[in-house]
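final_13.pdb (PDB, C-alpha atoms, pLDDT in the B column) appears below.
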```
ATOM      1  CA  MET A   1      24.091   2.398  -1.525  1.00 43.00           C
ATOM      2  CA  PRO A   2      22.017   4.395   1.003  1.00 48.00           C
ATOM      3  CA  ASN A   3      23.854   6.708   3.345  1.00 56.00           C
ATOM      4  CA  ASN A   4      23.204   6.847   7.104  1.00 62.00           C
ATOM      5  CA  PHE A   5      20.791   9.753   6.647  1.00 61.00           C
ATOM      6  CA  ASP A   6      18.657   7.685   4.249  1.00 69.00           C
ATOM      7  CA  SER A   7      18.851   4.653   6.547  1.00 88.00           C
ATOM      8  CA  ARG A   8      17.680   6.723   9.519  1.00 88.00           C
ATOM      9  CA  LYS A   9      14.779   8.124   7.473  1.00 91.00           C
ATOM     10  CA  GLU A  10      13.724   4.581   6.562  1.00 90.00           C
ATOM     11  CA  GLN A  11      13.999   3.579  10.214  1.00 93.00           C
ATOM     12  CA  ILE A  12      11.782   6.516  11.216  1.00 95.00           C
ATOM     13  CA  ILE A  13       9.204   5.610   8.582  1.00 94.00           C
ATOM     14  CA  HIS A  14       9.098   1.975   9.711  1.00 93.00           C
ATOM     15  CA  ALA A  15       8.787   3.030  13.360  1.00 95.00           C
ATOM     16  CA  ALA A  16       5.903   5.362  12.464  1.00 96.00           C
ATOM     17  CA  LEU A  17       4.150   2.572  10.571  1.00 94.00           C
ATOM     18  CA  LYS A  18       4.558   0.240  13.563  1.00 94.00           C
ATOM     19  CA  ILE A  19       3.071   2.844  15.925  1.00 96.00           C
ATOM     20  CA  ILE A  20       0.161   3.425  13.531  1.00 95.00           C
ATOM     21  CA  SER A  21      -0.397  -0.340  13.424  1.00 92.00           C
ATOM     22  CA  GLU A  22      -0.402  -0.679  17.204  1.00 93.00           C
ATOM     23  CA  GLU A  23      -2.028   2.586  18.310  1.00 93.00           C
ATOM     24  CA  GLY A  24      -3.604   4.259  15.269  1.00 90.00           C
ATOM     25  CA  VAL A  25      -2.802   7.470  13.424  1.00 91.00           C
ATOM     26  CA  ALA A  26      -4.200   9.739  16.147  1.00 91.00           C
ATOM     27  CA  ASN A  27      -1.616   8.424  18.621  1.00 93.00           C
ATOM     28  CA  LEU A  28       1.373   8.896  16.342  1.00 94.00           C
ATOM     29  CA  THR A  29       3.662  11.547  17.823  1.00 94.00           C
ATOM     30  CA  MET A  30       7.193  12.681  17.161  1.00 94.00           C
ATOM     31  CA  MET A  31       8.143  11.753  20.729  1.00 94.00           C
ATOM     32  CA  LYS A  32       6.810   8.193  20.359  1.00 95.00           C
ATOM     33  CA  ILE A  33       8.695   7.738  17.084  1.00 96.00           C
ATOM     34  CA  ALA A  34      11.933   9.010  18.637  1.00 94.00           C
ATOM     35  CA  GLN A  35      11.485   6.695  21.627  1.00 94.00           C
ATOM     36  CA  LYS A  36      10.702   3.723  19.388  1.00 94.00           C
ATOM     37  CA  ILE A  37      14.025   4.002  17.570  1.00 94.00           C
ATOM     38  CA  GLY A  38      16.059   5.289  20.503  1.00 92.00           C
ATOM     39  CA  ILE A  39      16.940   8.779  19.356  1.00 92.00           C
ATOM     40  CA  SER A  40      16.228  12.228  20.724  1.00 91.00           C
ATOM     41  CA  ASP A  41      13.357  14.364  19.472  1.00 87.00           C
ATOM     42  CA  ALA A  42      15.943  16.826  18.154  1.00 88.00           C
ATOM     43  CA  ALA A  43      17.613  14.094  16.089  1.00 89.00           C
ATOM     44  CA  LEU A  44      14.226  13.146  14.640  1.00 90.00           C
ATOM     45  CA  TYR A  45      13.614  16.743  13.531  1.00 90.00           C
ATOM     46  CA  ARG A  46      16.841  16.672  11.502  1.00 90.00           C
ATOM     47  CA  HIS A  47      15.158  14.140   9.217  1.00 91.00           C
ATOM     48  CA  PHE A  48      11.524  15.284   9.207  1.00 93.00           C
ATOM     49  CA  LYS A  49      10.058  18.663  10.106  1.00 93.00           C
ATOM     50  CA  ASN A  50       6.856  17.248  11.564  1.00 92.00           C
ATOM     51  CA  LYS A  51       4.434  14.324  11.807  1.00 90.00           C
ATOM     52  CA  HIS A  52       2.846  15.333   8.504  1.00 89.00           C
ATOM     53  CA  GLU A  53       6.151  14.863   6.675  1.00 92.00           C
ATOM     54  CA  ILE A  54       6.601  11.461   8.268  1.00 93.00           C
ATOM     55  CA  MET A  55       3.115  10.344   7.239  1.00 91.00           C
ATOM     56  CA  ARG A  56       3.781  11.540   3.707  1.00 92.00           C
ATOM     57  CA  GLY A  57       7.065   9.614   3.779  1.00 92.00           C
ATOM     58  CA  VAL A  58       5.196   6.498   4.895  1.00 92.00           C
ATOM     59  CA  ILE A  59       2.726   6.775   2.004  1.00 92.00           C
ATOM     60  CA  GLU A  60       5.459   7.427  -0.571  1.00 91.00           C
ATOM     61  CA  THR A  61       7.684   4.645   0.776  1.00 91.00           C
ATOM     62  CA  MET A  62       4.911   2.064   0.864  1.00 90.00           C
ATOM     63  CA  GLY A  63       3.934   2.965  -2.702  1.00 89.00           C
ATOM     64  CA  ARG A  64       7.523   2.669  -3.917  1.00 89.00           C
ATOM     65  CA  ASN A  65       8.156  -0.583  -2.067  1.00 88.00           C
ATOM     66  CA  LEU A  66       4.933  -2.213  -3.195  1.00 89.00           C
ATOM     67  CA  THR A  67       5.547  -1.219  -6.820  1.00 88.00           C
ATOM     68  CA  ALA A  68       9.134  -2.472  -6.666  1.00 87.00           C
ATOM     69  CA  ASN A  69       8.051  -5.794  -5.109  1.00 87.00           C
ATOM     70  CA  MET A  70       5.403  -6.294  -7.778  1.00 89.00           C
ATOM     71  CA  SER A  71       7.693  -5.313 -10.647  1.00 87.00           C
ATOM     72  CA  VAL A  72      10.370  -7.796  -9.617  1.00 89.00           C
ATOM     73  CA  ALA A  73       7.891 -10.592  -8.951  1.00 88.00           C
ATOM     74  CA  VAL A  74       6.068 -10.331 -12.282  1.00 91.00           C
ATOM     75  CA  SER A  75       8.992  -9.380 -14.526  1.00 90.00           C
ATOM     76  CA  ASP A  76       9.401 -12.931 -15.822  1.00 92.00           C
ATOM     77  CA  ILE A  77       5.661 -13.617 -16.236  1.00 95.00           C
ATOM     78  CA  ASP A  78       4.418 -13.081 -19.765  1.00 95.00           C
ATOM     79  CA  ASP A  79       0.775 -14.099 -19.268  1.00 96.00           C
ATOM     80  CA  PRO A  80      -1.254 -10.990 -18.211  1.00 96.00           C
ATOM     81  CA  ILE A  81      -3.770 -13.049 -16.239  1.00 97.00           C
ATOM     82  CA  ALA A  82      -0.976 -14.767 -14.297  1.00 96.00           C
ATOM     83  CA  LYS A  83       0.514 -11.305 -13.641  1.00 96.00           C
ATOM     84  CA  LEU A  84      -2.733 -10.085 -12.097  1.00 97.00           C
ATOM     85  CA  LYS A  85      -2.999 -13.168  -9.908  1.00 97.00           C
ATOM     86  CA  LYS A  86       0.569 -12.713  -8.691  1.00 96.00           C
ATOM     87  CA  ILE A  87       0.042  -8.980  -8.030  1.00 96.00           C
ATOM     88  CA  LEU A  88      -2.998  -9.731  -5.871  1.00 97.00           C
ATOM     89  CA  GLY A  89      -1.002 -12.168  -3.752  1.00 96.00           C
ATOM     90  CA  ILE A  90       1.946  -9.792  -3.447  1.00 94.00           C
ATOM     91  CA  HIS A  91      -0.262  -6.874  -2.461  1.00 95.00           C
ATOM     92  CA  LEU A  92      -2.027  -8.811   0.288  1.00 96.00           C
ATOM     93  CA  ALA A  93       1.257 -10.273   1.582  1.00 95.00           C
ATOM     94  CA  TYR A  94       2.787  -6.765   1.646  1.00 93.00           C
ATOM     95  CA  LEU A  95      -0.122  -5.482   3.717  1.00 95.00           C
ATOM     96  CA  GLU A  96       0.191  -8.429   6.084  1.00 95.00           C
ATOM     97  CA  LYS A  97       3.807  -7.463   6.762  1.00 93.00           C
ATOM     98  CA  ASN A  98       2.861  -3.775   7.173  1.00 92.00           C
ATOM     99  CA  ARG A  99      -0.283  -3.682   9.317  1.00 92.00           C
ATOM    100  CA  GLY A 100      -0.195   0.073   9.746  1.00 92.00           C
ATOM    101  CA  ILE A 101      -0.893   0.687   6.055  1.00 93.00           C
ATOM    102  CA  PRO A 102      -4.664   0.089   6.129  1.00 93.00           C
ATOM    103  CA  ARG A 103      -4.964   2.080   9.344  1.00 92.00           C
ATOM    104  CA  LEU A 104      -3.196   5.016   7.698  1.00 91.00           C
ATOM    105  CA  ILE A 105      -4.916   4.750   4.318  1.00 91.00           C
ATOM    106  CA  PHE A 106      -8.423   4.605   5.787  1.00 90.00           C
ATOM    107  CA  SER A 107      -7.745   7.267   8.422  1.00 88.00           C
ATOM    108  CA  GLU A 108      -9.481  10.591   8.733  1.00 86.00           C
ATOM    109  CA  ALA A 109      -6.024  12.191   8.815  1.00 81.00           C
ATOM    110  CA  VAL A 110      -5.542  11.237   5.170  1.00 83.00           C
ATOM    111  CA  HIS A 111      -9.101  11.531   3.855  1.00 79.00           C
ATOM    112  CA  GLN A 112     -10.261  14.730   5.466  1.00 80.00           C
ATOM    113  CA  ASN A 113      -7.621  16.473   7.508  1.00 76.00           C
ATOM    114  CA  ASP A 114      -4.759  16.780   5.061  1.00 83.00           C
ATOM    115  CA  PRO A 115      -5.120  17.590   1.352  1.00 88.00           C
ATOM    116  CA  VAL A 116      -1.390  16.974   0.749  1.00 89.00           C
ATOM    117  CA  LEU A 117      -1.577  13.442   2.159  1.00 88.00           C
ATOM    118  CA  ARG A 118      -4.800  12.816   0.244  1.00 90.00           C
ATOM    119  CA  LYS A 119      -3.156  13.958  -3.008  1.00 91.00           C
ATOM    120  CA  THR A 120      -0.062  11.821  -2.318  1.00 90.00           C
ATOM    121  CA  LEU A 121      -2.234   8.750  -1.714  1.00 91.00           C
ATOM    122  CA  LEU A 122      -4.374   9.503  -4.774  1.00 92.00           C
ATOM    123  CA  GLN A 123      -1.257   9.649  -6.968  1.00 91.00           C
ATOM    124  CA  MET A 124      -0.133   6.286  -5.601  1.00 90.00           C
ATOM    125  CA  VAL A 125      -3.573   4.741  -6.197  1.00 92.00           C
ATOM    126  CA  ASN A 126      -3.734   6.153  -9.733  1.00 93.00           C
ATOM    127  CA  SER A 127      -0.307   4.684 -10.547  1.00 91.00           C
ATOM    128  CA  TYR A 128      -1.491   1.324  -9.248  1.00 92.00           C
ATOM    129  CA  LEU A 129      -4.683   1.542 -11.309  1.00 95.00           C
ATOM    130  CA  ASP A 130      -2.630   2.472 -14.394  1.00 94.00           C
ATOM    131  CA  LEU A 131      -0.606  -0.714 -13.934  1.00 93.00           C
ATOM    132  CA  ILE A 132      -3.741  -2.861 -13.620  1.00 95.00           C
ATOM    133  CA  ARG A 133      -5.443  -1.113 -16.568  1.00 96.00           C
ATOM    134  CA  GLY A 134      -2.393  -1.785 -18.724  1.00 95.00           C
ATOM    135  CA  ILE A 135      -2.376  -5.480 -17.847  1.00 95.00           C
ATOM    136  CA  LEU A 136      -6.121  -5.759 -18.463  1.00 97.00           C
ATOM    137  CA  ARG A 137      -5.764  -4.006 -21.849  1.00 97.00           C
ATOM    138  CA  ARG A 138      -3.084  -6.469 -22.858  1.00 96.00           C
ATOM    139  CA  ALA A 139      -5.237  -9.384 -21.698  1.00 97.00           C
ATOM    140  CA  LYS A 140      -8.139  -8.004 -23.744  1.00 97.00           C
ATOM    141  CA  ALA A 141      -5.956  -7.502 -26.825  1.00 96.00           C
ATOM    142  CA  GLU A 142      -4.747 -11.108 -26.534  1.00 96.00           C
ATOM    143  CA  GLY A 143      -8.297 -12.411 -26.161  1.00 95.00           C
ATOM    144  CA  ARG A 144      -7.636 -13.629 -22.611  1.00 95.00           C
ATOM    145  CA  VAL A 145     -10.663 -11.816 -21.161  1.00 96.00           C
ATOM    146  CA  LYS A 146     -14.172 -11.255 -22.444  1.00 94.00           C
ATOM    147  CA  GLU A 147     -14.369  -8.806 -25.311  1.00 93.00           C
ATOM    148  CA  ASP A 148     -16.843  -6.444 -23.672  1.00 94.00           C
ATOM    149  CA  ILE A 149     -14.923  -6.078 -20.409  1.00 95.00           C
ATOM    150  CA  ASN A 150     -14.816  -2.548 -19.058  1.00 96.00           C
ATOM    151  CA  ILE A 151     -11.123  -1.942 -18.344  1.00 97.00           C
ATOM    152  CA  GLU A 152     -11.756   0.899 -15.875  1.00 97.00           C
ATOM    153  CA  ALA A 153     -14.326  -1.078 -13.887  1.00 96.00           C
ATOM    154  CA  GLY A 154     -12.055  -4.122 -13.942  1.00 97.00           C
ATOM    155  CA  ALA A 155      -9.109  -2.157 -12.547  1.00 97.00           C
ATOM    156  CA  ILE A 156     -11.237  -0.552  -9.830  1.00 97.00           C
ATOM    157  CA  GLY A 157     -12.749  -3.942  -8.992  1.00 97.00           C
ATOM    158  CA  PHE A 158      -9.285  -5.439  -8.662  1.00 97.00           C
ATOM    159  CA  LEU A 159      -8.202  -2.686  -6.283  1.00 96.00           C
ATOM    160  CA  GLY A 160     -11.499  -3.062  -4.448  1.00 96.00           C
ATOM    161  CA  LEU A 161     -10.677  -6.701  -3.672  1.00 95.00           C
ATOM    162  CA  VAL A 162      -7.590  -5.539  -1.837  1.00 96.00           C
ATOM    163  CA  GLN A 163      -9.144  -2.509  -0.153  1.00 95.00           C
ATOM    164  CA  ALA A 164     -12.266  -4.244   1.138  1.00 95.00           C
ATOM    165  CA  THR A 165     -10.245  -7.161   2.477  1.00 96.00           C
ATOM    166  CA  ALA A 166      -7.709  -4.802   4.090  1.00 96.00           C
ATOM    167  CA  LEU A 167     -10.508  -2.796   5.720  1.00 94.00           C
ATOM    168  CA  LEU A 168     -12.152  -5.901   7.198  1.00 95.00           C
ATOM    169  CA  TRP A 169      -8.766  -7.173   8.341  1.00 96.00           C
ATOM    170  CA  SER A 170      -7.930  -3.884  10.062  1.00 93.00           C
ATOM    171  CA  LEU A 171     -11.373  -3.591  11.667  1.00 93.00           C
ATOM    172  CA  SER A 172     -11.053  -7.153  13.001  1.00 95.00           C
ATOM    173  CA  ASP A 173      -7.749  -6.129  14.622  1.00 93.00           C
ATOM    174  CA  PHE A 174      -5.812  -8.333  12.179  1.00 94.00           C
ATOM    175  CA  SER A 175      -7.525 -11.486  13.453  1.00 96.00           C
ATOM    176  CA  PHE A 176      -7.037 -13.457  10.242  1.00 97.00           C
ATOM    177  CA  SER A 177      -4.361 -13.934   7.615  1.00 97.00           C
ATOM    178  CA  ILE A 178      -5.105 -11.484   4.825  1.00 96.00           C
ATOM    179  CA  SER A 179      -2.691 -13.193   2.431  1.00 96.00           C
ATOM    180  CA  LYS A 180      -4.572 -16.493   2.788  1.00 97.00           C
ATOM    181  CA  LYS A 181      -7.634 -14.779   1.295  1.00 96.00           C
ATOM    182  CA  ALA A 182      -5.843 -14.311  -2.052  1.00 96.00           C
ATOM    183  CA  PRO A 183      -6.883 -17.611  -3.726  1.00 97.00           C
ATOM    184  CA  ALA A 184     -10.604 -17.164  -3.029  1.00 96.00           C
ATOM    185  CA  LEU A 185     -10.513 -13.483  -4.009  1.00 97.00           C
ATOM    186  CA  TRP A 186      -8.674 -14.373  -7.187  1.00 97.00           C
ATOM    187  CA  ARG A 187     -11.283 -16.989  -8.163  1.00 97.00           C
ATOM    188  CA  VAL A 188     -14.068 -14.400  -7.873  1.00 95.00           C
ATOM    189  CA  PHE A 189     -12.135 -11.832  -9.883  1.00 96.00           C
ATOM    190  CA  ALA A 190     -11.014 -14.358 -12.528  1.00 96.00           C
ATOM    191  CA  GLU A 191     -14.637 -15.415 -13.089  1.00 94.00           C
ATOM    192  CA  SER A 192     -15.547 -11.813 -13.849  1.00 92.00           C
ATOM    193  CA  LEU A 193     -12.948 -11.719 -16.630  1.00 93.00           C
ATOM    194  CA  SER A 194     -14.291 -14.612 -18.679  1.00 88.00           C
TER     195      SER A 194
END
```
Just give me the structure as structure tokens.
Amino acid sequence: MPNNFDSRKEQIIHAALKIISEEGVANLTMMKIAQKIGISDAALYRHFKNKHEIMRGVIETMGRNLTANMSVAVSDIDDPIAKLKKILGIHLAYLEKNRGIPRLIFSEAVHQNDPVLRKTLLQMVNSYLDLIRGILRRAKAEGRVKEDINIEAGAIGFLGLVQATALLWSLSDFSFSISKKAPALWRVFAESLS
């Protein structure tokens, strides 16, 4: 059971993600986060030393939450192809509920300005790719995909479906339902497997 300190940290992370969603990474400040959740700046600094730590917390939390959501949702699915389809839907639905994620992931703050954030995000992406590679290997071993499929390219292509859709969604100011794109995206990806 989380203690109050952990609950407050989660609250701070969610507030930061909401601000990023509404105003972008450049406008995220400690003062805005404190105001959003109704605490003093000093109270905020008891949980995180600076904005950088909060952004790192956002990346780590979103990675953990997404992985946990996927693990639970596919735990009773034995078919590797059905697992991939479900993961795609879960990933897009998770992004739809957390609009700040694409804005943070594609931000200059992560890609160029902060090697620690970049490394944190890279570790999360590599874990995700490992999961997809493992499922694709199993599908290949079971003869569920074409024999000459390139597992690495397949995993990157799968992630690319999500990333490209998330980028377009963010650039369009979230003007469409990203989760409703899952069936069409899945059909394209599924055709590449057989």
- Return the single residue from A:Asn126, A:Gln11, A:Ser194, A:Ser179 that is closest to Lys97 in chain A, with distances computed using all atoms listed in the file.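 Looking at the shortest contact to Lys97 in chain A, the residue is A:Ser179.
Pairwise distance (CA of Gly100 in chain A, CA of Leu185 in chain A) equals 21.9 Å.
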- Task: Fewer than 4 positions away in the same chain doesn't count, so skip those; otherwise give me all residues within 10 Å of Glu53 in chain A, counting only C-alpha atoms, as JSON, numbers by chain.
- Result: {"A": [13, 47, 48, 49, 57, 58, 59, 116, 117]}
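Here the question is which of A:Arg187, A:Arg103, A:His111, A:Lys119 gets nearest to Gly24 in chain A using only C-alpha atoms, and that residue is A:Arg103.
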- List the neighbours of range 132-144 of chain A out to 7 Å using only C-alpha atoms; skip same-chain residues closer than 3 positions along the sequence, and give me the result as a list of chain:residue names.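 The contact residues come out as A:Pro80, A:Ile81, A:Tyr128, A:Leu129, A:Glu147, A:Ile151, A:Glu152, A:Ala155.
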- Query: Pick from A:His91, A:Glu22, A:Lys180, A:His14: nearest to Ile37 in chain A, with all atoms listed in the file counted?
  - Reply: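 Ranked by minimum distance to Ile37 in chain A, first place goes to A:His14.
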- Task: Might you pull out every residue within 12 Å of Leu44 in chain A, with only C-alpha atoms counted and same-chain residues fewer than 3 positions away left off, and present them as JSON, numbers by chain?
- Result: {"A": [5, 8, 9, 10, 11, 12, 13, 15, 16, 29, 30, 31, 32, 33, 34, 35, 36, 37, 38, 39, 40, 41, 47, 48, 49, 50, 51, 53, 54]}
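Atom pair CA of Lys18 in chain A / CA of Pro115 in chain A has a distance of 23.3 Å (rounded to one decimal).
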- State, in Å with one decimal place, the distance from CA of Gly160 in chain A to CA of Ile20 in chain A. 22.4 Å
- Who sits within 9 Å of Ile87 in chain A, all atoms listed in the file, same chain under 2 positions skipped, as a list of chain:residue names: A:Met70, A:Ser71, A:Ala73, A:Val74, A:Ala82, A:Lys83, A:Leu84, A:Lys85, A:Gly89, A:Ile90, A:His91, A:Leu92
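Proximity to Leu121 in chain A was assessed for A:Val145, A:Ile178, A:Met55, A:Leu159 counting all atoms listed in the file; the smallest distance is recorded for A:Met55.
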- Explicit residue set for the PyMOL selection byres ((chain A and resi 186) around 10), as a count of residues only: 18
- Fewer than 3 positions away in the same chain doesn't count, so skip those; otherwise give me all residues within 10 Å of Arg118 in chain A, counting only C-alpha atoms, as an MDAnalysis selection string. chainID A and resid 56 59 105 108:115 121:124
- Query: Pick from A:Leu104, A:Ile156, A:Ala166, A:Ile77: nearest to Val125 in chain A, with only C-alpha atoms counted?
  - Reply: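 That would be A:Ile156, the residue with the smallest distance to Val125 in chain A.
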